[in-house]
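Working notes, structure below.
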Amino acid sequence: MAVPTKEIRISRWYFGGIASMCAACCTHPLDLIKVHLQTQLKADLGMAGMAKKLLKSDGFLAFYNGLSASLLRQLTYSTTRFGIYETMKNNFSTPGQSLPFYKSIMFAAVSGAVGGAMATVRAVFVTIGQLAFYDQFKLILVNYFNMGDNLGTHFSASISAGAVATLLTQPLDVLKTRLMNNSGEGLGVAVKSLMTVGPSAFFKGFVPAFIRLGPHTILTFVFLEQIRQNFGIVTRVPDNKKQ
């Protein structure tokens with residue numbers, strides 16, 4: 001008796017870079033406004049006020065100043081980490097079968113280390129949060145909540161992955177900011193000082209950080225899934241639901 005099969009599409013190694021570049025085109029204005037807010041001499045303008053000021057003084061295209069540099073970063077950094085992650089997944093797992101979570105974390109860590117140029121710790125944690133946790137959240141939503149491989153699932157999994165990526169990297173960002181603002185303070189002193197306030201001190205500014213990382217994570221995976229579903233490698237796998 002023939003085993004029932006179904007058709008699936010597998011992501012190509014470079015799809016992640018393309019999706020990240022598409023996401024950057026959407027989120028670049030937010031990053032630009034954030035930079036202007038951080039560099040203003042007096043903190044008298046909010047995000048909406050700064051956007052209005054830029055639009056009035058320099059026009060709509062001002063929101064895309066420096067876009068080429070942002071796209072170049074995604075072309076190199078994101079293509080590398082997504083490419084390595086997808087290649088490792090395809091070579092060390094059977095198509096159509098879910099990858100064990102610990103392997104997803106391992107593959108994401110390696111991908112982030114290579115893509116982060118000299119293995120920066122933040123790049124490793126960002127990649128684990130985004131790639132490994134996205135796959136895990138998507139697996140949970142599809143298998144345990146009976147959600148299909150659709151836009152709702154992709155959005156839910158990506159916003160959750162963005163939150164985890166922010167959660168993993170925020171303590172590092174807080175420490176980095178603390179060390180930059182207090183040049184005479186060592187790492188151990190900085191950690192001890194923050195611990196006197198409590199663990200919550202390591203997550204100060206979580207919401208602004210998520211607003212920065214979240215939209216890009218969401219759009220990257222939404223674009224990636226659409227590209228995969230329309231242009232991915234077609235293969236057939238056993239359909240366990242029909243057995």
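We label chains A, B, ... in the order they appear in the structure tokens, count residues from 1 in each chain, and number ligands from 1 in the order shown.
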12 Å contact set for Ile159 (chain A), only C-alpha atoms, chain neighbours under 2 positions out, as a PyMOL selection string: chain A and resi 129-131+133-134+137-138+152-157+161-166+210-211+213-222
Just the selected residues (C-alpha atoms), exported as a compact mmCIF listing (two decimals), in the first residue's frame, please.
# COMPACT_ATOMS: atom_id res chain seq x y z
CA GLY A 129 15.57 34.31 19.76
CA GLN A 130 14.48 34.99 16.21
CA LEU A 131 15.20 31.80 14.26
CA PHE A 133 12.14 30.34 18.75
CA TYR A 134 10.22 31.28 15.60
CA PHE A 137 6.45 28.84 18.24
CA LYS A 138 5.26 28.01 14.73
CA GLY A 152 -1.97 34.46 11.19
CA THR A 153 0.40 31.73 12.34
CA HIS A 154 3.43 33.49 10.87
CA PHE A 155 2.48 36.78 12.56
CA SER A 156 1.84 35.16 15.95
CA ALA A 157 5.07 33.14 15.87
CA ALA A 161 10.07 35.35 18.59
CA GLY A 162 10.71 39.10 18.53
CA ALA A 163 9.73 39.33 22.19
CA VAL A 164 12.07 36.46 23.12
CA ALA A 165 14.94 37.96 21.10
CA THR A 166 14.46 41.25 22.94
CA PHE A 210 10.97 45.61 21.45
CA ILE A 211 9.49 48.44 19.38
CA LEU A 213 13.43 44.86 17.12
CA GLY A 214 9.85 43.56 17.01
CA PRO A 215 8.57 45.09 13.74
CA HIS A 216 11.67 44.02 11.84
CA THR A 217 11.37 40.46 13.18
CA ILE A 218 7.67 40.26 12.31
CA LEU A 219 8.11 41.61 8.78
CA THR A 220 11.17 39.46 8.11
CA PHE A 221 9.34 36.21 8.84
CA VAL A 222 6.12 37.29 7.15
Sel. of helix (DSSP H, G or I) residues, region 8-114 of chain A, as a PyMOL selection string: chain A and resi 15-39+47-58+60-64+67-91+101-114
Region 93-102 of chain A surroundings by only C-alpha atoms, 10 Å radius, close-in-sequence under 4 positions cut, as a VMD selection string: chain A and resid 6 to 10 88 to 89 106 to 108 132 to 133 135 to 136 139 235 to 240
Contacts of Gly205 (chain A) at 12 Å (only C-alpha atoms; same-chain gap of 6+ positions) as a ChimeraX atom specification: /A:166-167,169-171,173-174,177,211-212
Residue contacts of Gly83 (chain A) (9 Å, only C-alpha atoms) excluding same-chain residues fewer than 5 positions away, as an MDAnalysis selection string: chainID A and resid 12:17 78 88 111
Nearest candidate to Leu75 (chain A) (options A:Val126, A:Ala23, A:Met47, A:Ile33; using only C-alpha atoms):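 Nearest to Leu75 (chain A): A:Ala23.
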